[in-house]
Structure formats: C-alpha cells, structure tokens
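Chemist: One file: upload_1.cif (mmCIF, C-alpha atoms and all ligand atoms).
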data_run
loop_
_atom_site.label_atom_id
_atom_site.label_comp_id
_atom_site.auth_asym_id
_atom_site.auth_seq_id
_atom_site.Cartn_x
_atom_site.Cartn_y
_atom_site.Cartn_z
CA MET A 1 150.01 76.76 -17.91
CA GLY A 2 146.83 76.06 -16.02
CA ARG A 3 145.66 74.45 -12.77
CA SER A 4 147.81 71.81 -11.14
CA ASP A 5 146.31 68.78 -9.40
CA THR A 6 147.15 65.21 -8.48
CA GLN A 7 146.05 64.05 -11.90
CA GLY A 8 148.55 66.17 -13.83
CA VAL A 9 148.97 69.81 -14.81
CA THR A 10 146.11 71.11 -16.95
CA PRO A 11 147.59 71.76 -20.39
CA SER A 12 146.69 74.79 -22.52
CA ALA A 13 144.50 74.28 -25.59
CA LEU A 14 147.56 74.90 -27.78
CA GLN A 15 149.52 72.15 -26.04
CA VAL A 16 146.71 69.65 -26.62
CA VAL A 17 146.37 70.67 -30.27
CA GLY A 18 150.14 70.49 -30.81
CA ARG A 19 150.44 67.05 -29.24
CA ASN A 20 147.23 65.39 -30.45
CA SER A 21 146.41 67.10 -33.75
CA ALA A 22 149.83 67.78 -35.22
CA GLY A 23 152.18 65.31 -33.49
CA GLY A 24 153.34 62.36 -35.58
CA VAL A 25 153.43 61.55 -39.28
CA ALA A 26 149.78 60.46 -39.61
CA ALA A 27 148.49 63.69 -38.00
CA VAL A 28 150.63 65.81 -40.33
CA VAL A 29 149.40 63.80 -43.34
CA VAL A 30 145.76 64.39 -42.29
CA GLN A 31 146.39 68.13 -41.84
CA LEU A 32 148.07 68.38 -45.25
CA GLY A 33 145.19 66.52 -46.92
CA LEU A 34 142.69 68.89 -45.30
CA ILE A 35 144.65 72.06 -46.12
CA VAL A 36 145.22 71.13 -49.77
CA SER A 37 141.66 69.89 -50.46
CA ASN A 38 140.05 72.90 -48.79
CA ALA A 39 142.38 75.43 -50.42
CA VAL A 40 141.61 74.09 -53.91
CA LEU A 41 137.86 73.77 -53.23
CA TRP A 42 137.59 77.30 -51.81
CA ARG A 43 139.50 78.66 -54.80
CA VAL A 44 136.93 77.00 -57.08
CA LEU A 45 134.06 78.45 -55.01
CA TYR A 46 135.64 81.93 -54.91
CA THR A 47 136.23 82.03 -58.66
CA HIS A 48 132.74 80.67 -59.52
CA PRO A 49 130.22 82.59 -57.38
CA ALA A 50 126.82 80.85 -57.45
CA GLY A 51 124.57 82.88 -55.13
CA LEU A 52 122.95 81.00 -52.27
CA PHE A 53 124.31 77.66 -53.50
CA THR A 54 127.88 78.75 -52.64
CA TYR A 55 127.00 78.68 -48.93
CA HIS A 56 126.31 74.92 -49.15
CA PRO A 57 129.81 73.70 -50.09
CA SER A 58 131.40 76.51 -48.05
CA PHE A 59 129.68 75.52 -44.80
CA GLN A 60 129.97 71.78 -45.50
CA SER A 61 133.70 71.90 -46.19
CA LEU A 62 134.21 73.92 -42.98
CA ALA A 63 132.13 71.33 -41.11
CA VAL A 64 134.17 68.40 -42.51
CA LEU A 65 137.37 70.25 -41.54
CA GLY A 66 136.00 70.90 -38.04
CA PHE A 67 134.69 67.37 -37.42
CA LEU A 68 138.02 65.88 -38.47
CA GLU A 69 139.93 68.26 -36.22
CA GLY A 70 137.58 67.31 -33.38
CA ILE A 71 138.38 63.62 -33.94
CA LEU A 72 142.16 64.18 -34.16
CA LEU A 73 142.05 65.97 -30.80
CA LEU A 74 141.01 62.80 -28.97
CA GLN A 75 142.87 60.06 -30.83
CA PRO A 76 146.21 59.60 -28.98
CA GLN A 77 146.15 58.14 -25.46
CA PRO A 78 146.27 61.12 -23.05
CA PRO A 79 149.34 61.16 -20.74
CA ASN A 80 147.17 62.00 -17.69
CA ALA A 81 143.63 62.83 -16.54
CA ALA A 82 144.13 66.60 -16.98
CA TYR A 83 145.04 66.12 -20.66
CA LYS A 84 142.05 63.85 -21.14
CA ARG A 85 139.68 66.43 -19.62
CA LYS A 86 141.05 69.29 -21.70
CA GLY A 87 140.92 67.19 -24.90
CA LEU A 88 137.30 66.34 -24.20
CA GLN A 89 136.36 69.98 -23.59
CA LEU A 90 137.95 71.03 -26.89
CA HIS A 91 136.33 68.07 -28.69
CA GLN A 92 132.88 69.20 -27.55
CA VAL A 93 133.38 72.84 -28.58
CA VAL A 94 134.75 71.89 -32.01
CA GLN A 95 132.09 69.22 -32.70
CA TYR A 96 129.16 71.48 -31.69
CA THR A 97 130.51 74.30 -33.86
CA SER A 98 130.94 71.89 -36.80
CA CYS A 99 127.42 70.60 -36.20
CA ALA A 100 126.06 74.16 -36.48
CA ALA A 101 128.03 74.57 -39.74
CA ILE A 102 126.72 71.33 -41.29
CA VAL A 103 123.12 72.16 -40.35
CA ALA A 104 123.53 75.63 -41.92
CA GLY A 105 125.07 74.10 -45.08
CA ALA A 106 122.21 71.59 -45.35
CA ALA A 107 119.60 74.32 -44.80
CA PHE A 108 121.08 76.40 -47.65
CA ILE A 109 120.95 73.56 -50.19
CA VAL A 110 117.46 72.42 -49.19
CA TYR A 111 116.19 76.04 -49.31
CA ASN A 112 117.93 76.62 -52.64
CA LYS A 113 116.29 73.52 -54.11
CA VAL A 114 112.85 74.54 -52.79
CA ALA A 115 113.35 78.03 -54.26
CA HIS A 116 114.12 76.49 -57.67
CA GLY A 117 111.40 73.85 -57.47
CA ALA A 118 114.08 71.12 -57.77
CA LYS A 119 113.56 67.56 -56.52
CA HIS A 120 115.26 66.49 -53.29
CA PHE A 121 117.67 63.62 -52.61
CA THR A 122 117.91 62.40 -56.20
CA THR A 123 121.71 61.85 -56.35
CA TRP A 124 124.10 59.55 -54.46
CA HIS A 125 125.71 62.67 -53.00
CA ALA A 126 122.38 63.90 -51.63
CA LYS A 127 121.48 60.46 -50.22
CA SER A 128 124.89 60.04 -48.62
CA GLY A 129 124.51 63.60 -47.24
CA LEU A 130 121.24 62.60 -45.58
CA VAL A 131 122.88 59.53 -44.00
CA THR A 132 125.75 61.76 -42.78
CA LEU A 133 123.35 64.26 -41.19
CA THR A 134 121.38 61.46 -39.49
CA LEU A 135 124.56 59.87 -38.10
CA ILE A 136 125.78 63.24 -36.79
CA PHE A 137 122.45 63.86 -35.09
CA LEU A 138 122.58 60.42 -33.36
CA GLN A 139 126.25 60.83 -32.50
CA ILE A 140 125.81 64.23 -30.85
CA SER A 141 122.59 63.24 -29.04
CA PHE A 142 124.25 60.13 -27.56
CA GLY A 143 127.34 62.09 -26.44
CA ALA A 144 125.23 64.90 -24.95
CA VAL A 145 122.92 62.52 -23.04
CA ILE A 146 125.87 60.75 -21.42
CA VAL A 147 127.79 63.90 -20.56
CA TYR A 148 125.09 66.36 -19.48
CA THR A 149 121.82 64.76 -18.53
CA PRO A 150 120.57 62.68 -15.61
CA LEU A 151 118.67 60.70 -18.28
CA GLN A 152 121.78 58.49 -18.66
CA ARG A 153 120.86 56.81 -15.33
CA LEU A 154 117.48 55.85 -16.72
CA ILE A 155 118.44 55.03 -20.28
CA PHE A 156 121.76 53.28 -19.64
CA ARG A 157 121.09 52.19 -16.02
CA GLY A 158 123.88 54.13 -14.32
CA GLU A 159 126.87 56.33 -15.10
CA ASP A 160 129.42 53.50 -15.15
CA ARG A 161 127.44 51.50 -17.66
CA ALA A 162 126.91 54.65 -19.72
CA LYS A 163 130.67 55.25 -19.79
CA LYS A 164 131.28 51.69 -20.95
CA LEU A 165 129.17 52.58 -23.97
CA TRP A 166 131.70 55.23 -25.07
CA LYS A 167 133.26 52.62 -27.32
CA TYR A 168 130.03 52.61 -29.37
CA HIS A 169 130.21 56.41 -29.60
CA ARG A 170 133.76 55.93 -30.95
CA MET A 171 132.71 53.23 -33.43
CA SER A 172 129.76 55.21 -34.77
CA GLY A 173 132.06 58.25 -34.81
CA TYR A 174 134.34 56.50 -37.29
CA LEU A 175 131.35 55.39 -39.38
CA THR A 176 130.25 59.04 -39.43
CA LEU A 177 133.77 60.06 -40.45
CA PHE A 178 133.57 57.61 -43.38
CA PHE A 179 130.37 59.31 -44.61
CA LEU A 180 131.83 62.77 -43.95
CA ILE A 181 134.52 61.95 -46.50
CA LEU A 182 132.37 59.92 -48.91
CA THR A 183 129.70 62.65 -49.25
CA PRO A 184 131.99 65.44 -50.55
CA LEU A 185 133.76 62.86 -52.75
CA LEU A 186 130.39 62.07 -54.35
CA ALA A 187 129.76 65.82 -54.73
CA LEU A 188 132.76 65.95 -57.08
CA ALA A 189 130.63 64.06 -59.62
CA SER A 190 127.76 66.59 -59.45
CA ASP A 191 126.91 68.71 -62.51
CA TRP A 192 127.78 71.98 -60.73
CA VAL A 193 131.24 70.85 -59.66
CA ARG A 194 132.02 69.26 -63.05
CA GLN A 195 130.96 72.42 -64.89
CA ASN A 196 132.90 74.78 -62.64
CA SER A 197 136.21 73.02 -62.01
CA SER A 198 138.97 71.33 -63.96
CA SER A 199 139.53 67.59 -63.63
CA ALA A 200 142.92 68.37 -62.00
CA GLU A 201 141.15 70.43 -59.31
CA ARG A 202 138.65 67.62 -58.67
CA TRP A 203 141.49 65.10 -58.39
CA VAL A 204 143.40 67.24 -55.91
CA VAL A 205 140.28 67.82 -53.75
CA GLY A 206 139.38 64.12 -53.93
CA VAL A 207 142.85 62.79 -53.15
CA GLY A 208 143.33 65.36 -50.34
CA LEU A 209 140.04 64.31 -48.71
CA ALA A 210 140.76 60.59 -49.12
CA VAL A 211 144.26 60.98 -47.66
CA ALA A 212 142.84 62.91 -44.68
CA GLY A 213 140.18 60.23 -44.09
CA VAL A 214 142.58 57.29 -44.38
CA GLY A 215 145.15 59.10 -42.20
CA ALA A 216 142.58 59.68 -39.44
CA LEU A 217 141.39 56.06 -39.61
CA GLY A 218 145.03 54.95 -39.41
CA ARG A 219 145.31 56.72 -36.01
CA VAL A 220 142.47 54.69 -34.47
CA GLN A 221 143.47 53.11 -31.15
CA THR A 222 141.87 49.67 -31.42
CA SER A 223 142.11 49.23 -27.62
CA LYS A 224 139.80 52.24 -27.12
CA LEU A 225 137.23 50.59 -29.36
CA GLY A 226 137.28 47.52 -27.15
CA LEU A 227 138.66 45.44 -30.04
CA LYS A 228 141.99 44.74 -28.34
CA THR A 229 142.96 44.92 -24.66
CA ARG A 230 146.26 46.39 -23.56
C1 LIG B 1 129.71 66.40 -45.60
C2 LIG B 1 129.49 67.36 -46.46
C3 LIG B 1 128.21 67.50 -47.23
C4 LIG B 1 126.92 67.12 -46.89
C5 LIG B 1 126.46 66.45 -45.60
C6 LIG B 1 126.07 67.46 -48.02
C7 LIG B 1 124.71 67.24 -48.07
C8 LIG B 1 123.89 67.50 -49.17
C9 LIG B 1 122.48 67.20 -49.25
C10 LIG B 1 121.65 66.57 -48.12
C11 LIG B 1 122.04 67.59 -50.49
C12 LIG B 1 120.64 67.42 -51.07
C13 LIG B 1 119.61 68.41 -50.59
C14 LIG B 1 118.27 68.14 -51.24
O1 LIG B 1 118.17 67.29 -52.14
O2 LIG B 1 117.32 68.81 -50.82
C15 LIG B 1 123.18 68.14 -51.21
C16 LIG B 1 123.14 68.64 -52.49
C17 LIG B 1 124.23 69.14 -53.20
N1 LIG B 1 125.53 69.28 -52.71
FE1 LIG B 1 126.17 68.69 -50.88
N2 LIG B 1 126.84 68.05 -49.00
C18 LIG B 1 128.15 68.11 -48.56
C19 LIG B 1 129.23 68.66 -49.21
C20 LIG B 1 129.19 69.22 -50.49
C21 LIG B 1 130.33 69.78 -51.16
C22 LIG B 1 131.74 69.92 -50.56
C23 LIG B 1 129.89 70.18 -52.41
C24 LIG B 1 130.66 70.84 -53.53
C25 LIG B 1 131.92 70.70 -53.70
C26 LIG B 1 128.49 69.85 -52.51
C27 LIG B 1 127.69 70.07 -53.62
C28 LIG B 1 126.34 69.77 -53.72
C29 LIG B 1 125.53 69.96 -54.90
C30 LIG B 1 126.05 70.47 -56.26
C31 LIG B 1 124.22 69.59 -54.58
C32 LIG B 1 122.99 69.62 -55.49
C33 LIG B 1 122.93 68.40 -56.36
C34 LIG B 1 122.59 67.15 -55.57
O3 LIG B 1 121.50 67.06 -54.96
O4 LIG B 1 123.45 66.25 -55.55
N3 LIG B 1 128.10 69.28 -51.32
N4 LIG B 1 124.28 68.08 -50.38
#
Take the structure in this file and express it as structure tokens.
Modeler:
Amino acid sequence: MGRSDTQGVTPSALQVVGRNSAGGVAAVVVQLGLIVSNAVLWRVLYTHPAGLFTYHPSFQSLAVLGFLEGILLLQPQPPNAAYKRKGLQLHQVVQYTSCAAIVAGAAFIVYNKVAHGAKHFTTWHAKSGLVTLTLIFLQISFGAVIVYTPLQRLIFRGEDRAKKLWKYHRMSGYLTLFFLILTPLLALASDWVRQNSSSAERWVVGVGLAVAGVGALGRVQTSKLGLKTR
C-alpha cells in the first residue's frame, strides 16, 4: 500500500489493474477476447516463420493488446483522486510502450516491402493501418502537450480549458480503438494470412478481436465524453 493523503490512499498498480481491467463482466469478456485471439494468432506466426515479415504482426498484435489494456485501465470512474492519478500514470506507461511497438511493427512491414520492391498501401488493411498510425500519433501528441508542456497555455489558452478538452481525447481515443480492431480484422483477408492459416483460426482471431473491441466500447462512460451529465 502506498502514500496516504486527504484524497485517498494511493493504490498499488495491481489494485488498479484488478479493479479497472478485470473487474466486471465486460472487462473479463474483453480480456478473454484478447487472450484467445492473440494465442491463436501467435500460434499461426510461430508455426509459419516468415523472416522479417513475422515481426510485423507480432509487434502489431502486442500493440493492439497494449493499447486496449491502456484504455481498460481508465474506463471505470475512480473512487478517489489517488486512484485516478495512479490509473493515469499506468495509462501513460502502457500507451507509450504500445506506441513504440506499433511504430516498430510498421517499420518492419515498410522495410520488408522496400526490400522486396513491393508497392505500398495497396490494400484496405494497409490503408486502414495508415489511418490507425496517424490517429495514434495525433492522440499521443495531444495527450503529451496537455500533460507535460507549457505549450498548453498558448495552444488551449490555459490549463483549465485544456483539461476540458480531455473529452475530445477520449472521443478520438475510441475512434482510434475502432481502427485498432478494424486493421487486424482486414489483415485476416491478406494473401499471407489466408495461405498460412485455416479458416477456423481466422474466425477465432476475428471473433476474439471483435468481442474485445465491442466489450471495451460497451464500458464507455458517456458522462466522461460529455454526452450525458450525471
Ligand atoms: C493495428 C495493427 C496493424 C497495423 C497498424 C498495421 C499496419 C500495416 C501497414 C501500414 C501496412 C502496409 C505497409 C506498406 O504498404 O508499406 C501493413 C501491411 C501488412 N500487414 Fe499489417 N498492420 C497491423 C496488424 C497486422 C496483423 C495482426 C497482421 C497479420 C495477422 C498483418 C498483416 C499484414 C500483411 C500480410 C501486410 C502486407 C500486405 C498488405 O499491404 O496488406 N498486419 N500493415
């Protein structure tokens, strides 16, 4: 147990994860969807080694897992300010790590295509991947400007106004989440995946991802998005 103050006792990381990421039916459903889809995908990747290409789906599936975990961490209303602070710290660590993973995964596929003289962004998966990467870049830049830089005073005219804009960070976060699920779903239709997996494996990966995405969207607190006041 950590520091105690007037705003509540600082919880441990495990307490926040247990309460926010695994508490309640929807959270368990999301976790199951993620575990099952990743287990089947990684089995496919392990049993069909494909050189540098393998790093692309490996890093991207880890990134999707990480980004979703980072979202789950902040969804329920925190019981006090100490919980809120700890959740936010964990959210930042997990989202930056996932960002590094998705950039690495993108670099591997772009490099692999250059090395083979293949054309870029020709499929729906690739185009959706580009949208996903752009949204993540905007999402992280916005969050970082508000939290760390004095620039927020200039850009958003003051800290209070900047904080009121968090609801847009949340909204664009859920749009990003939609693309984070759509992009790997579109990858299931790619030649490589179709040639190296059974249709049962593709179904399980697809349904697992969709269930995780719908489960996370089902946990959205509309009041935090400014759509409903409590
Ligand atoms: C959110 C996760 C993902 C993102 C953001 C993403 C992004 C991308 C991008 C941007 C490209 C095109 C690169 C270029 O044209 O230079 C690409 C290609 C590719 N990706 Fe992904 N990807 C993701 C997940 C996956 C997964 C999980 C798989 C496999 C199961 C996969 C399989 C492929 C394949 C086979 C290609 C080459 C064919 C094509 O361009 O569609 N990707 N990806």
Chemist: Would you mind listing the residues within 7 Å of ligand LIG 1 (chain B), counting all atoms listed in the file, as a PDB file with C-alpha atoms, in the coordinates of the input?
Modeler:
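After the write, result36.pdb holds the following:
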ATOM      1  CA  LEU A  41     137.860  73.770 -53.230  1.00  0.00           C
ATOM      2  CA  HIS A  56     126.310  74.920 -49.150  1.00  0.00           C
ATOM      3  CA  PRO A  57     129.810  73.700 -50.090  1.00  0.00           C
ATOM      4  CA  GLN A  60     129.970  71.780 -45.500  1.00  0.00           C
ATOM      5  CA  SER A  61     133.700  71.900 -46.190  1.00  0.00           C
ATOM      6  CA  VAL A  64     134.170  68.400 -42.510  1.00  0.00           C
ATOM      7  CA  ILE A 102     126.720  71.330 -41.290  1.00  0.00           C
ATOM      8  CA  ALA A 106     122.210  71.590 -45.350  1.00  0.00           C
ATOM      9  CA  ILE A 109     120.950  73.560 -50.190  1.00  0.00           C
ATOM     10  CA  VAL A 110     117.460  72.420 -49.190  1.00  0.00           C
ATOM     11  CA  LYS A 113     116.290  73.520 -54.110  1.00  0.00           C
ATOM     12  CA  LYS A 119     113.560  67.560 -56.520  1.00  0.00           C
ATOM     13  CA  HIS A 120     115.260  66.490 -53.290  1.00  0.00           C
ATOM     14  CA  PHE A 121     117.670  63.620 -52.610  1.00  0.00           C
ATOM     15  CA  THR A 122     117.910  62.400 -56.200  1.00  0.00           C
ATOM     16  CA  THR A 123     121.710  61.850 -56.350  1.00  0.00           C
ATOM     17  CA  TRP A 124     124.100  59.550 -54.460  1.00  0.00           C
ATOM     18  CA  HIS A 125     125.710  62.670 -53.000  1.00  0.00           C
ATOM     19  CA  ALA A 126     122.380  63.900 -51.630  1.00  0.00           C
ATOM     20  CA  LYS A 127     121.480  60.460 -50.220  1.00  0.00           C
ATOM     21  CA  GLY A 129     124.510  63.600 -47.240  1.00  0.00           C
ATOM     22  CA  LEU A 130     121.240  62.600 -45.580  1.00  0.00           C
ATOM     23  CA  THR A 132     125.750  61.760 -42.780  1.00  0.00           C
ATOM     24  CA  LEU A 133     123.350  64.260 -41.190  1.00  0.00           C
ATOM     25  CA  LEU A 180     131.830  62.770 -43.950  1.00  0.00           C
ATOM     26  CA  ILE A 181     134.520  61.950 -46.500  1.00  0.00           C
ATOM     27  CA  THR A 183     129.700  62.650 -49.250  1.00  0.00           C
ATOM     28  CA  PRO A 184     131.990  65.440 -50.550  1.00  0.00           C
ATOM     29  CA  ALA A 187     129.760  65.820 -54.730  1.00  0.00           C
ATOM     30  CA  LEU A 188     132.760  65.950 -57.080  1.00  0.00           C
ATOM     31  CA  SER A 190     127.760  66.590 -59.450  1.00  0.00           C
ATOM     32  CA  ASP A 191     126.910  68.710 -62.510  1.00  0.00           C
ATOM     33  CA  TRP A 192     127.780  71.980 -60.730  1.00  0.00           C
ATOM     34  CA  VAL A 193     131.240  70.850 -59.660  1.00  0.00           C
TER      35      VAL A 193
END
Chemist: Would you list the residues near (135.5, 68.5, -57.2), meaning any protein, DNA or RNA residue with an atom at most 10 Å from that point in file coordinates, counting only C-alpha atoms, as a PyMOL selection string?
Modeler: chain A and resi 37+40-41+44+184-190+192-206
Chemist: Could you pull the residues within 10 Å of range 19-35 of chain A, counting only C-alpha atoms, minus those fewer than 2 positions along the same chain, as JSON, numbers by chain?
Modeler: {"A": [14, 15, 16, 17, 37, 38, 39, 40, 41, 61, 64, 65, 68, 69, 70, 71, 72, 73, 74, 75, 76, 77, 78, 87, 204, 205, 206, 207, 208, 209, 210, 211, 212, 213, 214, 215, 216, 217, 218, 219]}
Chemist: Pick out the closest residue to Ser141 in chain A from this set: A:Ala82, A:Leu175, A:Leu52, A:Cys99. Count all atoms listed in the file.
Modeler: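 Going through A:Ala82, A:Leu175, A:Leu52, A:Cys99 one by one, the smallest distance to Ser141 in chain A is for A:Cys99.
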Chemist: Counting all atoms listed in the file, figure out which residue out of A:Tyr148, A:Tyr83, A:Phe179, A:Tyr174 gets nearest to Thr222 in chain A.
Modeler: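 Checking each of A:Tyr148, A:Tyr83, A:Phe179, A:Tyr174 against Thr222 in chain A, counting all atoms listed in the file, the winner is A:Tyr174.
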Chemist: Which residue, A:Gly8, A:Gly18, A:Gly105, A:Gly51, has the smallest gap to Ala63 in chain A when you use only C-alpha atoms?
Modeler: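 So, comparing all the options, the nearest one is A:Gly105.
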Chemist: Which is closer to Val147 in chain A than all the others in A:Phe53, A:Tyr96, A:Phe67, A:Trp166, using only C-alpha atoms?
Modeler: A:Trp166
Chemist: Suppose you want the space between CA of His169 in chain A and CA of Gln139 in chain A; what is it in Å?
Modeler: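 The value is 6.6 Å.
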Chemist: Could you check how far CA of Lys86 in chain A sits from CA of Ser58 in chain A, in Å to one decimal?
Modeler: 29.0 Å
Chemist: Quick one: pull the distance between CA of Ala100 in chain A and CA of Ile155 in chain A, Å, one decimal.
Modeler: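 Atom-to-atom, CA of Ala100 in chain A to CA of Ile155 in chain A, that is 26.2 Å.
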Chemist: Once 3 Å is added on each side, what are the centre and the three edge lengths, in Å to one decimal, of the axis-aligned box enclosing the listed atoms of range 142-146 of chain A? Present them as AutoDock Vina command-line options.
Modeler:
--center_x 125.1 --center_y 62.5 --center_z -24.5 --size_x 10.4 --size_y 10.8 --size_z 12.1
Chemist: Here is a test: counting all atoms listed in the file, which residue of A:Val9, A:Leu225, A:Ile140, A:Leu182 is nearest to Ser98 in chain A?
Modeler: A:Ile140
Chemist: Which residue is closest to Arg85 in chain A? Choose from A:Phe137, A:Val131, A:Ile146, A:Ser12 and count only C-alpha atoms.
Modeler: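 Among the listed residues, the smallest separation from Arg85 in chain A belongs to A:Ser12.
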